[in-house]
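Engineer: Below is the structure I would like to discuss, written out as structure tokens.
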Amino acid sequence: MTLLSQIDPDEVYNLAAQSHVRVSFDEPEHTGDTTGIGSIRLLEAVRVAGVRCRFYQASSSEMFGASPPPQDEDTLFYPRSPYGAAKVYSYWVTRNYREAYGLFAVNGILFNHESPRRGETFVTRKITRAVARIRAGREKLLYMGNLDAVRDWGYAPEYVEGMWRMLQADEPKDYVLATSTPCTVRQFLQTAFDHAGLDWEKHVRFDDRYLRPTEVDSLIGDAGRAEADLGWKATVHAPELARIMVDADIDALECEGRPWIDRPSLSAWA
Ligand SMILES: C[C@H]1O[C@H](OP(=O)(O)OP(=O)(O)OC[C@H]2O[C@@H](n3cnc4c(=O)[nH]c(N)nc43)[C@H](O)[C@@H]2O)[C@@H](O)[C@@H](O)C1=O
């Protein structure tokens with residue numbers, strides 16, 4: 001609260017969380033504390049400090065869980081993990097602070113968004129990092145869980161711009177951001193290995209440690225409201241994303257030991 005008063009921000013983006021779904025089954029209480037209660041701590045600090053800022057809550061497609069696709073802002077929440085359940089709590093307290101206190105508080109319900117900066121234990125980065133290492137002869141095998149899961153993977157820089165647009169709108173509203181393009185984990189694997197000239201079936205093995213007690217089978221978003229109200233539309237889809245991430249991991253490996261950071265670029269920014 002002291003920090004909020006001193007900084008007096010115009011915009012607050014709550015991206016803080018324990019964000020790994022598999023880990024949330026091993027650390028459910030910690031996940032509830034950070035991913036759920038953490039949001040009301042921040043909302044309450046904004047309210048009590050009397051800061052006149054706009055508030056963004058990082059809501060997640062994991063809230064839809066077992067609800068069949070396509071999912072949009074009106075789809076029923078049916079979370080399938082402690083992480084998803086904690087995000088549902090944060091979604092509702094954000095709406096509650098908007099309705100109860102007139103705070104400009106919005107939920108961005110973001111489907112999976114990835115980039116070369118993605119943590120190494122999330123599936124896209126785990127795959128593209130392994131592709132670079134296998135290509136360089138550093139590793140031979142990659143151990144994976146459920147290859148049948150369907151996700152709607154987009155490019156994180158575009159999604160961050162969408163988050164910002166939500167806070168520039170005239171009215172506070174909740175928005176889905178997604179590409180609407182389905183892709184299985186298997187298809188992502190194949191695209192990534194193909195891009196490096198490798199045969200994925202020679203290198204991928206199954207390991208049940210990567211299965212989840214309950215899986216989210218299929219997430220495919222409909223971002224029609226964001227397009228209509230905010231003029232936001234994803235331009236990078238899963239195959240291009242896989243290639244961007246493989247190229248970046250190859251570059252990063254070649255620069256190993258020296259500082260390296262990817263340079264996001266989008267045609268819309270040119
Ligand atoms: C929108 C949402 O997006 C993310 O959640 P996630 O979709 O669970 O992301 P993930 O990359 O961990 O898994 C994607 C799929 O891939 C399957 N899968 C197979 N084999 C492995 C595997 O070996 N590792 C992992 N991690 N997943 C595997 C796994 O079972 C799942 O079906 C977070 O940012 C979350 O914070 C968020 O909000």
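Going by the structure tokens order, chains are called A, B, ..., each with residues numbered from 1, while ligands are numbered from 1 in the order shown.
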With a distance cut-off of 9 Å and only C-alpha atoms, select the neighbouring residues of Leu103 of chain A, excluding the residue or stretch itself and same-chain residues fewer than 4 positions from it, and output the selection as a PyMOL selection string.
Structural biologist: chain A and resi 47+52-55+94+97-99+172
Engineer: Would you mind listing the residues within 8 Å of ligand 1, counting only C-alpha atoms and all ligand atoms, as a PyMOL selection string?
Structural biologist: chain A and resi 18-22+59-62+83-84+110-113+121-126+143-151+185+207+210-212+215-217
Engineer: Could you find all residues in segment 88-233 of chain A that DSSP calls strand (DSSP E or B) from the backbone, and write them as a PyMOL selection string?
Structural biologist: chain A and resi 104-110+113-114+142-144+150-151+154-155+175-177+183-184+204-206+218+221
Engineer: Considering only C-alpha atoms, give me a table of residues in segment 150-266 of chain A that are at most 12 Å from segment 64-73 of chain A, with the closest atom pair and distance in Å for each, as CSV.
Structural biologist:
residue,atom,partner,partner_atom,distance
A:Val150,CA,A:Pro69,CA,10.2
A:Arg151,CA,A:Pro69,CA,10.4
A:Asp152,CA,A:Pro70,CA,10.3
A:Lys173,CA,A:Glu73,CA,9.9
A:Asp174,CA,A:Glu73,CA,7.1
A:Tyr175,CA,A:Glu73,CA,6.4
A:Val176,CA,A:Glu73,CA,6.1
A:Leu177,CA,A:Asp72,CA,9.0
A:Ala178,CA,A:Asp72,CA,9.4
A:Thr179,CA,A:Pro70,CA,11.2
A:Ser180,CA,A:Pro70,CA,7.9
A:Thr181,CA,A:Pro70,CA,10.2
A:Pro182,CA,A:Pro69,CA,9.8
A:Thr214,CA,A:Gly65,CA,9.5
A:Glu215,CA,A:Gly65,CA,8.1
A:Val216,CA,A:Gly65,CA,5.2
A:Asp217,CA,A:Ala66,CA,7.2
A:Ser218,CA,A:Pro69,CA,6.7
A:Leu219,CA,A:Pro69,CA,5.9
A:Ile220,CA,A:Pro70,CA,5.2
A:Gly221,CA,A:Gln71,CA,4.9
A:Asp222,CA,A:Asp72,CA,5.2
A:Ala223,CA,A:Asp72,CA,6.8
A:Gly224,CA,A:Asp72,CA,8.2
A:Arg225,CA,A:Glu73,CA,8.3
A:Ala226,CA,A:Glu73,CA,10.1
Engineer: Just N, CA, C and O atoms for this one: save the residues we selected as a CSV table (one decimal), in the first residue's frame.
Structural biologist:
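Contents of part-v9.csv, freshly written:
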chain,number,residue,atom,x,y,z
A,150,VAL,N,-5.2,-30.1,-26.8
A,150,VAL,CA,-5.3,-29.1,-27.8
A,150,VAL,C,-5.2,-27.7,-27.1
A,150,VAL,O,-5.9,-27.5,-26.1
A,151,ARG,N,-4.3,-26.9,-27.7
A,151,ARG,CA,-4.2,-25.5,-27.1
A,151,ARG,C,-4.3,-24.5,-28.2
A,151,ARG,O,-4.1,-24.8,-29.4
A,152,ASP,N,-4.5,-23.3,-27.8
A,152,ASP,CA,-4.6,-22.1,-28.8
A,152,ASP,C,-3.4,-21.2,-28.4
A,152,ASP,O,-3.5,-20.4,-27.5
A,173,LYS,N,-14.2,-3.6,-19.3
A,173,LYS,CA,-14.9,-4.8,-19.7
A,173,LYS,C,-13.9,-6.0,-19.7
A,173,LYS,O,-12.7,-5.7,-19.9
A,174,ASP,N,-14.4,-7.2,-19.6
A,174,ASP,CA,-13.5,-8.4,-19.6
A,174,ASP,C,-13.4,-8.9,-21.1
A,174,ASP,O,-14.4,-8.9,-21.8
A,175,TYR,N,-12.2,-9.3,-21.4
A,175,TYR,CA,-11.9,-9.7,-22.8
A,175,TYR,C,-11.1,-11.0,-22.9
A,175,TYR,O,-10.1,-11.2,-22.2
A,176,VAL,N,-11.5,-11.9,-23.9
A,176,VAL,CA,-10.7,-13.0,-24.3
A,176,VAL,C,-9.7,-12.6,-25.3
A,176,VAL,O,-10.0,-11.8,-26.2
A,177,LEU,N,-8.5,-13.0,-25.2
A,177,LEU,CA,-7.5,-12.9,-26.2
A,177,LEU,C,-7.0,-14.3,-26.7
A,177,LEU,O,-6.6,-15.1,-25.8
A,178,ALA,N,-7.1,-14.6,-27.9
A,178,ALA,CA,-6.8,-15.9,-28.5
A,178,ALA,C,-6.6,-15.8,-29.9
A,178,ALA,O,-6.9,-14.8,-30.6
A,179,THR,N,-6.1,-16.9,-30.5
A,179,THR,CA,-5.9,-16.9,-32.0
A,179,THR,C,-7.0,-17.6,-32.7
A,179,THR,O,-7.2,-17.5,-33.9
A,180,SER,N,-7.8,-18.4,-32.0
A,180,SER,CA,-8.9,-19.3,-32.6
A,180,SER,C,-8.3,-20.4,-33.4
A,180,SER,O,-9.1,-21.1,-34.1
A,181,THR,N,-7.0,-20.7,-33.4
A,181,THR,CA,-6.4,-21.7,-34.1
A,181,THR,C,-6.0,-22.9,-33.2
A,181,THR,O,-5.1,-22.7,-32.4
A,182,PRO,N,-6.7,-24.1,-33.4
A,182,PRO,CA,-6.3,-25.2,-32.5
A,182,PRO,C,-5.0,-25.9,-32.9
A,182,PRO,O,-4.7,-25.9,-34.1
A,214,THR,N,-5.9,-34.2,-13.5
A,214,THR,CA,-7.1,-33.9,-14.4
A,214,THR,C,-6.5,-33.0,-15.5
A,214,THR,O,-5.8,-32.0,-15.2
A,215,GLU,N,-6.8,-33.3,-16.7
A,215,GLU,CA,-6.2,-32.6,-17.8
A,215,GLU,C,-7.3,-31.7,-18.4
A,215,GLU,O,-8.5,-31.9,-18.3
A,216,VAL,N,-6.8,-30.6,-19.0
A,216,VAL,CA,-7.7,-29.7,-19.8
A,216,VAL,C,-7.5,-30.2,-21.3
A,216,VAL,O,-6.4,-30.0,-21.8
A,217,ASP,N,-8.5,-30.8,-21.9
A,217,ASP,CA,-8.3,-31.4,-23.2
A,217,ASP,C,-8.2,-30.4,-24.3
A,217,ASP,O,-7.4,-30.6,-25.2
A,218,SER,N,-9.1,-29.4,-24.3
A,218,SER,CA,-9.2,-28.6,-25.5
A,218,SER,C,-9.6,-27.1,-25.2
A,218,SER,O,-10.6,-26.9,-24.7
A,219,LEU,N,-8.7,-26.2,-25.5
A,219,LEU,CA,-8.9,-24.8,-25.3
A,219,LEU,C,-8.7,-24.1,-26.7
A,219,LEU,O,-7.7,-24.2,-27.3
A,220,ILE,N,-9.8,-23.5,-27.2
A,220,ILE,CA,-9.8,-22.8,-28.5
A,220,ILE,C,-10.6,-21.5,-28.2
A,220,ILE,O,-11.9,-21.6,-28.0
A,221,GLY,N,-10.0,-20.4,-28.3
A,221,GLY,CA,-10.7,-19.2,-27.9
A,221,GLY,C,-11.4,-18.4,-29.0
A,221,GLY,O,-11.0,-18.6,-30.2
A,222,ASP,N,-12.4,-17.6,-28.7
A,222,ASP,CA,-13.0,-16.7,-29.6
A,222,ASP,C,-12.8,-15.3,-29.1
A,222,ASP,O,-13.4,-14.9,-28.1
A,223,ALA,N,-12.0,-14.6,-29.8
A,223,ALA,CA,-11.6,-13.2,-29.4
A,223,ALA,C,-12.4,-12.2,-30.1
A,223,ALA,O,-11.9,-11.0,-30.3
A,224,GLY,N,-13.6,-12.5,-30.5
A,224,GLY,CA,-14.4,-11.6,-31.3
A,224,GLY,C,-14.7,-10.3,-30.6
A,224,GLY,O,-14.7,-9.2,-31.3
A,225,ARG,N,-14.9,-10.3,-29.3
A,225,ARG,CA,-15.2,-9.1,-28.6
A,225,ARG,C,-14.0,-8.1,-28.6
A,225,ARG,O,-14.1,-6.9,-28.8
A,226,ALA,N,-12.8,-8.7,-28.4
A,226,ALA,CA,-11.6,-7.9,-28.4
A,226,ALA,C,-11.4,-7.3,-29.8
A,226,ALA,O,-10.9,-6.1,-29.9
Engineer: Can I get the residues of segment 125-229 of chain A within 8 Å of segment 237-255 of chain A, each with the closest pair of atoms and their distance in Å to one decimal, using only C-alpha atoms, sorted chain first then ascending number, as CSV?
Structural biologist:
residue,atom,partner,partner_atom,distance
A:Arg125,CA,A:Met245,CA,7.3
A:Thr128,CA,A:Val246,CA,4.8
A:Arg129,CA,A:Asp249,CA,5.5
A:Val131,CA,A:Val246,CA,7.0
A:Ala132,CA,A:Ile250,CA,4.9
A:Arg133,CA,A:Leu253,CA,7.5
A:Asp152,CA,A:Ala238,CA,7.5
A:Trp153,CA,A:Ala238,CA,5.5
A:Gly154,CA,A:His237,CA,5.7
A:Tyr155,CA,A:Leu241,CA,6.4
A:Thr179,CA,A:His237,CA,6.5
A:Thr181,CA,A:His237,CA,6.8
A:Cys183,CA,A:Ala238,CA,6.8
A:Phe188,CA,A:Ala242,CA,6.6
A:Thr191,CA,A:Pro239,CA,6.3
A:Ala192,CA,A:Ala242,CA,5.4
A:His195,CA,A:Arg243,CA,6.4
A:Ala196,CA,A:Val246,CA,7.6
Engineer: Can those selected residues be exported to a file as a PDB file, in the first residue's frame so that it contains N, CA, C and O atoms?
Structural biologist:
ATOM      1  N   ARG A 125       8.261 -24.126 -24.794  1.00  0.00           N
ATOM      2  CA  ARG A 125       9.686 -23.813 -24.613  1.00  0.00           C
ATOM      3  C   ARG A 125      10.487 -25.076 -24.339  1.00  0.00           C
ATOM      4  O   ARG A 125      11.635 -25.214 -24.798  1.00  0.00           O
ATOM      5  N   THR A 128      11.027 -26.430 -27.823  1.00  0.00           N
ATOM      6  CA  THR A 128      11.941 -25.690 -28.725  1.00  0.00           C
ATOM      7  C   THR A 128      13.368 -25.682 -28.181  1.00  0.00           C
ATOM      8  O   THR A 128      14.332 -25.737 -28.943  1.00  0.00           O
ATOM      9  N   ARG A 129      13.511 -25.680 -26.870  1.00  0.00           N
ATOM     10  CA  ARG A 129      14.846 -25.730 -26.263  1.00  0.00           C
ATOM     11  C   ARG A 129      15.475 -27.106 -26.528  1.00  0.00           C
ATOM     12  O   ARG A 129      16.660 -27.204 -26.856  1.00  0.00           O
ATOM     13  N   VAL A 131      14.752 -29.066 -29.045  1.00  0.00           N
ATOM     14  CA  VAL A 131      15.073 -29.138 -30.480  1.00  0.00           C
ATOM     15  C   VAL A 131      16.460 -28.536 -30.727  1.00  0.00           C
ATOM     16  O   VAL A 131      17.299 -29.129 -31.419  1.00  0.00           O
ATOM     17  N   ALA A 132      16.710 -27.366 -30.145  1.00  0.00           N
ATOM     18  CA  ALA A 132      18.013 -26.713 -30.351  1.00  0.00           C
ATOM     19  C   ALA A 132      19.146 -27.589 -29.807  1.00  0.00           C
ATOM     20  O   ALA A 132      20.201 -27.728 -30.454  1.00  0.00           O
ATOM     21  N   ARG A 133      18.928 -28.196 -28.654  1.00  0.00           N
ATOM     22  CA  ARG A 133      19.988 -29.006 -28.020  1.00  0.00           C
ATOM     23  C   ARG A 133      20.207 -30.322 -28.768  1.00  0.00           C
ATOM     24  O   ARG A 133      21.342 -30.786 -28.891  1.00  0.00           O
ATOM     25  N   ASP A 152      -4.506 -23.265 -27.835  1.00  0.00           N
ATOM     26  CA  ASP A 152      -4.613 -22.129 -28.753  1.00  0.00           C
ATOM     27  C   ASP A 152      -3.434 -21.232 -28.393  1.00  0.00           C
ATOM     28  O   ASP A 152      -3.530 -20.397 -27.502  1.00  0.00           O
ATOM     29  N   TRP A 153      -2.291 -21.506 -29.061  1.00  0.00           N
ATOM     30  CA  TRP A 153      -1.051 -20.814 -28.696  1.00  0.00           C
ATOM     31  C   TRP A 153      -0.847 -19.558 -29.536  1.00  0.00           C
ATOM     32  O   TRP A 153      -0.810 -19.637 -30.776  1.00  0.00           O
ATOM     33  N   GLY A 154      -0.643 -18.418 -28.872  1.00  0.00           N
ATOM     34  CA  GLY A 154      -0.342 -17.177 -29.566  1.00  0.00           C
ATOM     35  C   GLY A 154       1.001 -16.625 -29.126  1.00  0.00           C
ATOM     36  O   GLY A 154       1.690 -17.211 -28.282  1.00  0.00           O
ATOM     37  N   TYR A 155       1.363 -15.468 -29.717  1.00  0.00           N
ATOM     38  CA  TYR A 155       2.686 -14.865 -29.512  1.00  0.00           C
ATOM     39  C   TYR A 155       2.569 -13.778 -28.443  1.00  0.00           C
ATOM     40  O   TYR A 155       1.844 -12.786 -28.627  1.00  0.00           O
ATOM     41  N   THR A 179      -6.063 -16.902 -30.543  1.00  0.00           N
ATOM     42  CA  THR A 179      -5.881 -16.906 -31.999  1.00  0.00           C
ATOM     43  C   THR A 179      -7.028 -17.595 -32.718  1.00  0.00           C
ATOM     44  O   THR A 179      -7.177 -17.456 -33.928  1.00  0.00           O
ATOM     45  N   THR A 181      -6.990 -20.651 -33.365  1.00  0.00           N
ATOM     46  CA  THR A 181      -6.385 -21.740 -34.146  1.00  0.00           C
ATOM     47  C   THR A 181      -5.994 -22.892 -33.220  1.00  0.00           C
ATOM     48  O   THR A 181      -5.097 -22.738 -32.396  1.00  0.00           O
ATOM     49  N   CYS A 183      -4.266 -26.387 -31.983  1.00  0.00           N
ATOM     50  CA  CYS A 183      -3.013 -27.086 -32.288  1.00  0.00           C
ATOM     51  C   CYS A 183      -2.786 -28.104 -31.181  1.00  0.00           C
ATOM     52  O   CYS A 183      -2.891 -27.763 -29.996  1.00  0.00           O
ATOM     53  N   PHE A 188       2.575 -29.276 -32.504  1.00  0.00           N
ATOM     54  CA  PHE A 188       3.617 -28.285 -32.167  1.00  0.00           C
ATOM     55  C   PHE A 188       4.997 -28.950 -32.205  1.00  0.00           C
ATOM     56  O   PHE A 188       5.963 -28.397 -32.758  1.00  0.00           O
ATOM     57  N   THR A 191       6.059 -29.576 -35.851  1.00  0.00           N
ATOM     58  CA  THR A 191       6.475 -28.342 -36.541  1.00  0.00           C
ATOM     59  C   THR A 191       7.862 -27.901 -36.067  1.00  0.00           C
ATOM     60  O   THR A 191       8.716 -27.498 -36.869  1.00  0.00           O
ATOM     61  N   ALA A 192       8.075 -27.977 -34.742  1.00  0.00           N
ATOM     62  CA  ALA A 192       9.357 -27.516 -34.187  1.00  0.00           C
ATOM     63  C   ALA A 192      10.513 -28.401 -34.660  1.00  0.00           C
ATOM     64  O   ALA A 192      11.563 -27.911 -35.085  1.00  0.00           O
ATOM     65  N   HIS A 195      11.255 -27.943 -38.401  1.00  0.00           N
ATOM     66  CA  HIS A 195      11.927 -26.680 -38.705  1.00  0.00           C
ATOM     67  C   HIS A 195      13.449 -26.804 -38.554  1.00  0.00           C
ATOM     68  O   HIS A 195      14.207 -26.095 -39.218  1.00  0.00           O
ATOM     69  N   ALA A 196      13.867 -27.713 -37.660  1.00  0.00           N
ATOM     70  CA  ALA A 196      15.317 -27.906 -37.464  1.00  0.00           C
ATOM     71  C   ALA A 196      15.830 -29.100 -38.270  1.00  0.00           C
ATOM     72  O   ALA A 196      16.967 -29.545 -38.072  1.00  0.00           O
TER      73      ALA A 196
END
Engineer: What does the distance between atom CA of Ile127 of chain A and atom CA of His30 of chain A come to in Å, to one decimal place?
Structural biologist: 27.2 Å
Engineer: Between A:Phe206, A:Glu158, A:Pro259, A:Pro264, which one has atoms that come closest to Leu141 of chain A, using only C-alpha atoms?
Structural biologist: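 Of all the options, A:Phe206 lies closest to Leu141 of chain A.
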Engineer: DSSP says helix (DSSP H, G or I) for which residues of segment 87-223 of chain A? Put them as a ChimeraX atom specification?
Structural biologist: /A:87-101,123-135,156-168,185-195,200-203,208-210
Engineer: Measure the distance from atom CA of Val106 of chain A to atom CA of Tyr56 of chain A in Å and round it to one decimal.
Structural biologist: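 Going from atom CA of Val106 of chain A over to atom CA of Tyr56 of chain A, I get 5.2 Å.
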Engineer: Just to confirm, what's the straight-line distance from atom CA of Ser90 of chain A to atom CA of Gly38 of chain A in Å (one decimal)?
Structural biologist: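 A separation of 8.4 Å between them.
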